[in-house]
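*Asks:* Sharing run_32.pdb here; it has PDB, C-alpha atoms.
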```
ATOM      1  CA  MET A 575       8.111  -8.710 -13.858
ATOM      2  CA  ASN A 576      10.274  -7.778 -10.883
ATOM      3  CA  PHE A 577       7.743  -5.901  -8.767
ATOM      4  CA  VAL A 578      10.429  -4.574  -6.413
ATOM      5  CA  GLU A 579      11.390  -2.208  -9.240
ATOM      6  CA  LEU A 580       8.076  -0.382  -8.721
ATOM      7  CA  PHE A 581       9.308   0.875  -5.352
ATOM      8  CA  LYS A 582      11.437   3.966  -4.958
ATOM      9  CA  PRO A 583      12.588   5.485  -1.675
ATOM     10  CA  GLU A 584      10.077   8.294  -2.117
ATOM     11  CA  SER A 585       7.214   5.782  -2.412
ATOM     12  CA  ILE A 586       7.745   4.648   1.183
ATOM     13  CA  VAL A 587       6.281   6.447   4.169
ATOM     14  CA  LEU A 588       8.028   5.340   7.366
ATOM     15  CA  ASP A 589       5.749   7.167   9.814
ATOM     16  CA  LEU A 590       2.198   7.170   8.518
ATOM     17  CA  GLU A 591       0.185   9.930  10.138
ATOM     18  CA  ALA A 592      -3.196   8.360  10.752
ATOM     19  CA  PHE A 593      -5.456   7.417  13.642
ATOM     20  CA  ASP A 594      -8.166   5.418  11.875
ATOM     21  CA  SER A 595      -8.911   3.822   8.520
ATOM     22  CA  ASP A 596     -10.252   7.007   6.920
ATOM     23  CA  SER A 597      -7.240   9.112   7.914
ATOM     24  CA  ALA A 598      -4.979   6.294   6.701
ATOM     25  CA  LEU A 599      -6.657   6.370   3.278
ATOM     26  CA  ALA A 600      -6.325  10.173   3.167
ATOM     27  CA  SER A 601      -2.621   9.954   4.033
ATOM     28  CA  LEU A 602      -2.083   7.226   1.446
ATOM     29  CA  THR A 603      -3.794   9.408  -1.164
ATOM     30  CA  ASP A 604      -1.450  12.263  -0.248
ATOM     31  CA  ALA A 605       1.538   9.914  -0.559
ATOM     32  CA  HIS A 606       0.457   8.872  -4.067
ATOM     33  CA  ILE A 607       0.211  12.542  -5.044
ATOM     34  CA  ALA A 608       3.603  13.347  -3.511
ATOM     35  CA  ASN A 609       5.119  10.594  -5.685
ATOM     36  CA  ASN A 610       3.181  11.576  -8.774
ATOM     37  CA  PRO A 611       2.102  15.242  -8.715
ATOM     38  CA  SER A 612       0.025  14.759 -11.874
ATOM     39  CA  LEU A 613      -2.472  12.893  -9.656
ATOM     40  CA  ALA A 614      -3.181  16.043  -7.596
ATOM     41  CA  GLU A 615      -6.172  17.029  -9.710
ATOM     42  CA  ARG A 616      -7.647  13.584  -9.028
ATOM     43  CA  LYS A 617      -7.190  13.652  -5.236
ATOM     44  CA  ASP A 618     -10.894  13.499  -4.366
ATOM     45  CA  GLU A 619     -11.513  10.763  -6.935
ATOM     46  CA  ILE A 620      -8.640   8.659  -5.593
ATOM     47  CA  LEU A 621      -9.709   9.034  -1.981
ATOM     48  CA  GLU A 622     -13.340   8.207  -2.771
ATOM     49  CA  ALA A 623     -12.289   5.160  -4.802
ATOM     50  CA  LEU A 624     -10.125   3.884  -1.931
ATOM     51  CA  ARG A 625     -12.949   4.507   0.565
ATOM     52  CA  ALA A 626     -15.415   2.666  -1.669
ATOM     53  CA  ARG A 627     -13.015  -0.257  -2.016
ATOM     54  CA  GLU A 628     -12.579  -0.572   1.738
ATOM     55  CA  SER A 629     -16.284  -0.125   2.474
ATOM     56  CA  GLY A 630     -16.920  -3.220   0.354
ATOM     57  CA  GLY A 631     -14.711  -5.295   2.655
ATOM     58  CA  SER A 632     -11.451  -4.551   4.375
ATOM     59  CA  THR A 633      -8.202  -5.428   2.636
ATOM     60  CA  GLY A 634      -6.498  -5.693   6.034
ATOM     61  CA  ALA A 635      -5.289  -8.913   7.672
ATOM     62  CA  SER A 636      -2.174 -10.142   9.465
ATOM     63  CA  GLY A 637      -1.043  -6.578  10.178
ATOM     64  CA  VAL A 638      -1.106  -5.564   6.498
ATOM     65  CA  GLY A 639      -3.635  -3.515   4.543
ATOM     66  CA  ILE A 640      -3.729  -3.504   0.747
ATOM     67  CA  PRO A 641      -6.130  -0.759  -0.358
ATOM     68  CA  HIS A 642      -6.105  -0.875  -4.150
ATOM     69  CA  VAL A 643      -8.209   0.503  -6.988
ATOM     70  CA  LYS A 644      -8.217   0.790 -10.753
ATOM     71  CA  LEU A 645      -8.674   4.192 -12.320
ATOM     72  CA  GLU A 646      -9.652   5.143 -15.843
ATOM     73  CA  GLY A 647      -7.072   7.290 -17.596
ATOM     74  CA  LEU A 648      -4.175   6.304 -15.355
ATOM     75  CA  ALA A 649      -1.039   5.650 -17.413
ATOM     76  CA  ASP A 650       1.091   3.782 -14.866
ATOM     77  CA  VAL A 651       0.795   1.915 -11.602
ATOM     78  CA  SER A 652       1.310   4.005  -8.486
ATOM     79  CA  ILE A 653       2.264   2.083  -5.374
ATOM     80  CA  VAL A 654       2.986   3.311  -1.887
ATOM     81  CA  ILE A 655       4.096   1.502   1.248
ATOM     82  CA  ALA A 656       3.275   3.208   4.510
ATOM     83  CA  ILE A 657       4.208   2.035   7.983
ATOM     84  CA  HIS A 658       2.338   2.836  11.179
ATOM     85  CA  LYS A 659       4.474   1.377  13.950
ATOM     86  CA  GLU A 660       1.746   1.456  16.618
ATOM     87  CA  GLY A 661      -0.873   0.064  14.236
ATOM     88  CA  ILE A 662      -4.383   1.319  13.594
ATOM     89  CA  ASP A 663      -7.830  -0.189  13.443
ATOM     90  CA  PHE A 664      -8.447  -0.773   9.731
ATOM     91  CA  ASN A 665     -11.445  -3.073  10.185
ATOM     92  CA  ALA A 666      -9.122  -5.950   9.323
ATOM     93  CA  LEU A 667     -10.615  -9.357   8.648
ATOM     94  CA  ASP A 668      -8.777 -10.790  11.665
ATOM     95  CA  ALA A 669      -9.621  -7.752  13.875
ATOM     96  CA  GLU A 670      -5.895  -7.059  14.337
ATOM     97  CA  ASP A 671      -4.392  -3.597  13.929
ATOM     98  CA  VAL A 672      -2.712  -2.831  10.609
ATOM     99  CA  HIS A 673       0.907  -1.673  10.666
ATOM    100  CA  VAL A 674       1.923  -1.806   7.008
ATOM    101  CA  PHE A 675      -0.081  -0.546   4.047
ATOM    102  CA  PHE A 676       0.486  -1.278   0.376
ATOM    103  CA  SER A 677      -1.693   1.141  -1.558
ATOM    104  CA  ILE A 678      -1.977   0.499  -5.277
ATOM    105  CA  LEU A 679      -3.546   2.642  -7.982
ATOM    106  CA  ARG A 680      -3.572   0.950 -11.344
ATOM    107  CA  PRO A 681      -4.752   1.672 -14.853
ATOM    108  CA  ALA A 682      -8.142   0.219 -15.735
ATOM    109  CA  GLU A 683      -6.430  -1.873 -18.424
ATOM    110  CA  GLY A 684      -3.992  -4.738 -17.734
ATOM    111  CA  ALA A 685      -5.875  -6.737 -15.105
ATOM    112  CA  ASP A 686      -3.523  -9.726 -15.325
ATOM    113  CA  ASP A 687      -0.498  -7.662 -14.321
ATOM    114  CA  HIS A 688      -2.500  -6.150 -11.472
ATOM    115  CA  LEU A 689      -3.559  -9.555 -10.179
ATOM    116  CA  ASP A 690       0.041 -10.748 -10.276
ATOM    117  CA  LEU A 691       1.107  -7.672  -8.299
ATOM    118  CA  LEU A 692      -1.635  -8.265  -5.712
ATOM    119  CA  ARG A 693      -0.638 -11.927  -5.382
ATOM    120  CA  TRP A 694       2.973 -10.896  -4.849
ATOM    121  CA  VAL A 695       2.037  -8.300  -2.212
ATOM    122  CA  ALA A 696      -0.216 -10.820  -0.464
ATOM    123  CA  SER A 697       2.614 -13.350  -0.371
ATOM    124  CA  LEU A 698       4.869 -10.752   1.258
ATOM    125  CA  ALA A 699       2.178  -9.927   3.787
ATOM    126  CA  LYS A 700       1.906 -13.582   4.787
ATOM    127  CA  HIS A 701       5.610 -13.843   5.603
ATOM    128  CA  GLU A 702       5.805 -14.304   9.372
ATOM    129  CA  ASP A 703       8.477 -11.629   9.877
ATOM    130  CA  PHE A 704       7.425  -9.063   7.278
ATOM    131  CA  VAL A 705       5.462  -6.693   9.529
ATOM    132  CA  SER A 706       7.989  -6.704  12.373
ATOM    133  CA  PHE A 707      10.936  -6.173  10.012
ATOM    134  CA  ALA A 708       9.125  -3.392   8.112
ATOM    135  CA  CYS A 709       8.283  -1.636  11.384
ATOM    136  CA  GLN A 710      11.953  -1.750  12.395
ATOM    137  CA  ALA A 711      13.151   0.002   9.241
ATOM    138  CA  SER A 712      14.842   3.312   9.906
ATOM    139  CA  ASP A 713      14.969   4.415   6.269
ATOM    140  CA  SER A 714      13.142   3.615   3.058
ATOM    141  CA  THR A 715      16.036   1.727   1.485
ATOM    142  CA  GLN A 716      15.781  -0.842   4.284
ATOM    143  CA  VAL A 717      12.161  -1.470   3.305
ATOM    144  CA  ILE A 718      13.155  -1.918  -0.339
ATOM    145  CA  ASP A 719      15.934  -4.295   0.737
ATOM    146  CA  LEU A 720      13.397  -6.276   2.750
ATOM    147  CA  LEU A 721      11.097  -6.519  -0.277
ATOM    148  CA  SER A 722      14.023  -7.714  -2.395
ATOM    149  CA  GLU A 723      15.036 -10.351   0.142
ATOM    150  CA  LEU A 724      11.527 -11.701   0.470
ATOM    151  CA  ALA A 725      10.977 -11.654  -3.285
ATOM    152  CA  GLU A 726      13.989 -13.919  -3.701
ATOM    153  CA  ALA A 727      12.902 -16.321  -0.942
TER
END
```
Please re-express this file's structure in structure tokens.

*Replies:*
Amino acid sequence: MNFVELFKPESIVLDLEAFDSDSALASLTDAHIANNPSLAERKDEILEALRARESGGSTGASGVGIPHVKLEGLADVSIVIAIHKEGIDFNALDAEDVHVFFSILRPAEGADDHLDLLRWVASLAKHEDFVSFACQASDSTQVIDLLSELAEA
């Protein structure tokens, strides 16, 4: 599967409004709902699931956070990229601030596809220039172009 196809301009937040990990998770939850209004009735559930995931061990490292959860009754994957140019403390494994977040909500079924998506996102995060290039983006299409370029590399 070409995972870049999961990203639409509206699934990218260029200026994440957050000051700590909890406000980042709240803003990411809001971004998922903005992209998929049918999730609005599940806002509290989504936020609590993301908080629980991160409380079990941070998904942040190398300037990238990947808060992800599976949810019963979800029909499709919801994925959001959010950029915080200054970076925030996300309790990252390497103690570095996180600048780019990939937040993924996935159906409870289809674990193999989810693992492939997480592997792909992790490979992007490890690219030495990913965070700096993402933080330089002035519009969401530039972020999608960056994902496409790195996916081909």

*Asks:* Do you have the CA of Leu692 in chain A-CA of Phe676 in chain A distance handy?

*Replies:*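 Computed distance, CA of Leu692 in chain A to CA of Phe676 in chain A, equals 9.5 Å.
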
*Asks:* Could you check how far CA of Arg680 in chain A sits from CA of Ala656 in chain A, in Å to one decimal?

*Replies:*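 One can read the CA of Arg680 in chain A to CA of Ala656 in chain A distance as 17.4 Å.
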
*Asks:* Can you give me, as a ChimeraX atom specification, the residues this file yields under the PyMOL selection byres ((chain A and resi 624) around 10)?

*Replies:* /A:596,599-600,602-603,618-623,625-629,641-644,677-679

*Asks:* Residues within 10 Å of His658 in chain A, please, as a list in words. Count only C-alpha atoms; anything in the same chain fewer than 5 positions from it doesn't count.

*Replies:*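 After dropping sequence-adjacent residues, the list is Val587, Leu588, Asp589, Leu590, Glu591, Ala592, Phe593, Ala598, Asp671, Val672, His673, Val674, Phe675, Ala708 and Cys709 of chain A.
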
*Asks:* Go through A:Ala608, A:Ile586, A:Ala635, A:Ala682 and flag the residue nearest Leu667 in chain A, using all atoms listed in the file for the distances.

*Replies:* A:Ala635

*Asks:* Nearest residue to Lys582 in chain A out of A:Gly630, A:Lys617, A:Ile657, A:Asn609, using all atoms listed in the file?

*Replies:*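 So, comparing all the options, the nearest one is A:Asn609.
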
*Asks:* So how many Å separate CA of Leu648 in chain A and CA of Leu689 in chain A, to one decimal?

*Replies:*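 CA of Leu648 in chain A sits 16.7 Å away from CA of Leu689 in chain A.
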
*Asks:* Might you pull out every residue within 7 Å of Pro681 in chain A, with all atoms listed in the file counted and same-chain residues fewer than 4 positions away left off, and present them as a VMD selection string?

*Replies:* chain A and resid 644 to 651

*Asks:* For C-alpha atoms, I'd like the residues from the last selection saved as an mmCIF file, in the frame of the given file.

*Replies:*
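Done, and the output landed in result.cif:
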```
data_model
loop_
_atom_site.group_PDB
_atom_site.id
_atom_site.type_symbol
_atom_site.label_atom_id
_atom_site.label_comp_id
_atom_site.auth_asym_id
_atom_site.auth_seq_id
_atom_site.Cartn_x
_atom_site.Cartn_y
_atom_site.Cartn_z
ATOM 1 C CA LYS A 644 -8.217 0.790 -10.753
ATOM 2 C CA LEU A 645 -8.674 4.192 -12.320
ATOM 3 C CA GLU A 646 -9.652 5.143 -15.843
ATOM 4 C CA GLY A 647 -7.072 7.290 -17.596
ATOM 5 C CA LEU A 648 -4.175 6.304 -15.355
ATOM 6 C CA ALA A 649 -1.039 5.650 -17.413
ATOM 7 C CA ASP A 650 1.091 3.782 -14.866
ATOM 8 C CA VAL A 651 0.795 1.915 -11.602
#
```

*Asks:* Would you be able to write out as a PyMOL selection string which residues have an atom within 12 Å of (-7.5, -6.2, 11.5) in the file's coordinates, counting all atoms listed in the file?

*Replies:* chain A and resi 594-595+631-640+661-675

*Asks:* Hey, what's within 12 Å of Arg693 in chain A if we count only C-alpha atoms and toss same-chain stuff fewer than 6 positions away? As a list in words, please?

*Replies:*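 Using only C-alpha atoms, the neighbours found are Phe577, Ile640, Asp686, Asp687, Ala699, Lys700 and Ala725 of chain A.
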
*Asks:* Report the residues retrieved by the PyMOL selection byres ((chain A and resi 579) around 12) from the displayed file, expressed as a CSV table (one decimal) with C-alpha atoms, in the frame of the given file.

*Replies:*
```
chain,number,residue,atom,x,y,z
A,575,MET,CA,8.1,-8.7,-13.9
A,576,ASN,CA,10.3,-7.8,-10.9
A,577,PHE,CA,7.7,-5.9,-8.8
A,578,VAL,CA,10.4,-4.6,-6.4
A,580,LEU,CA,8.1,-0.4,-8.7
A,581,PHE,CA,9.3,0.9,-5.4
A,582,LYS,CA,11.4,4.0,-5.0
A,583,PRO,CA,12.6,5.5,-1.7
A,585,SER,CA,7.2,5.8,-2.4
A,651,VAL,CA,0.8,1.9,-11.6
A,652,SER,CA,1.3,4.0,-8.5
A,653,ILE,CA,2.3,2.1,-5.4
A,691,LEU,CA,1.1,-7.7,-8.3
A,718,ILE,CA,13.2,-1.9,-0.3
A,719,ASP,CA,15.9,-4.3,0.7
A,721,LEU,CA,11.1,-6.5,-0.3
A,722,SER,CA,14.0,-7.7,-2.4
A,725,ALA,CA,11.0,-11.7,-3.3
```
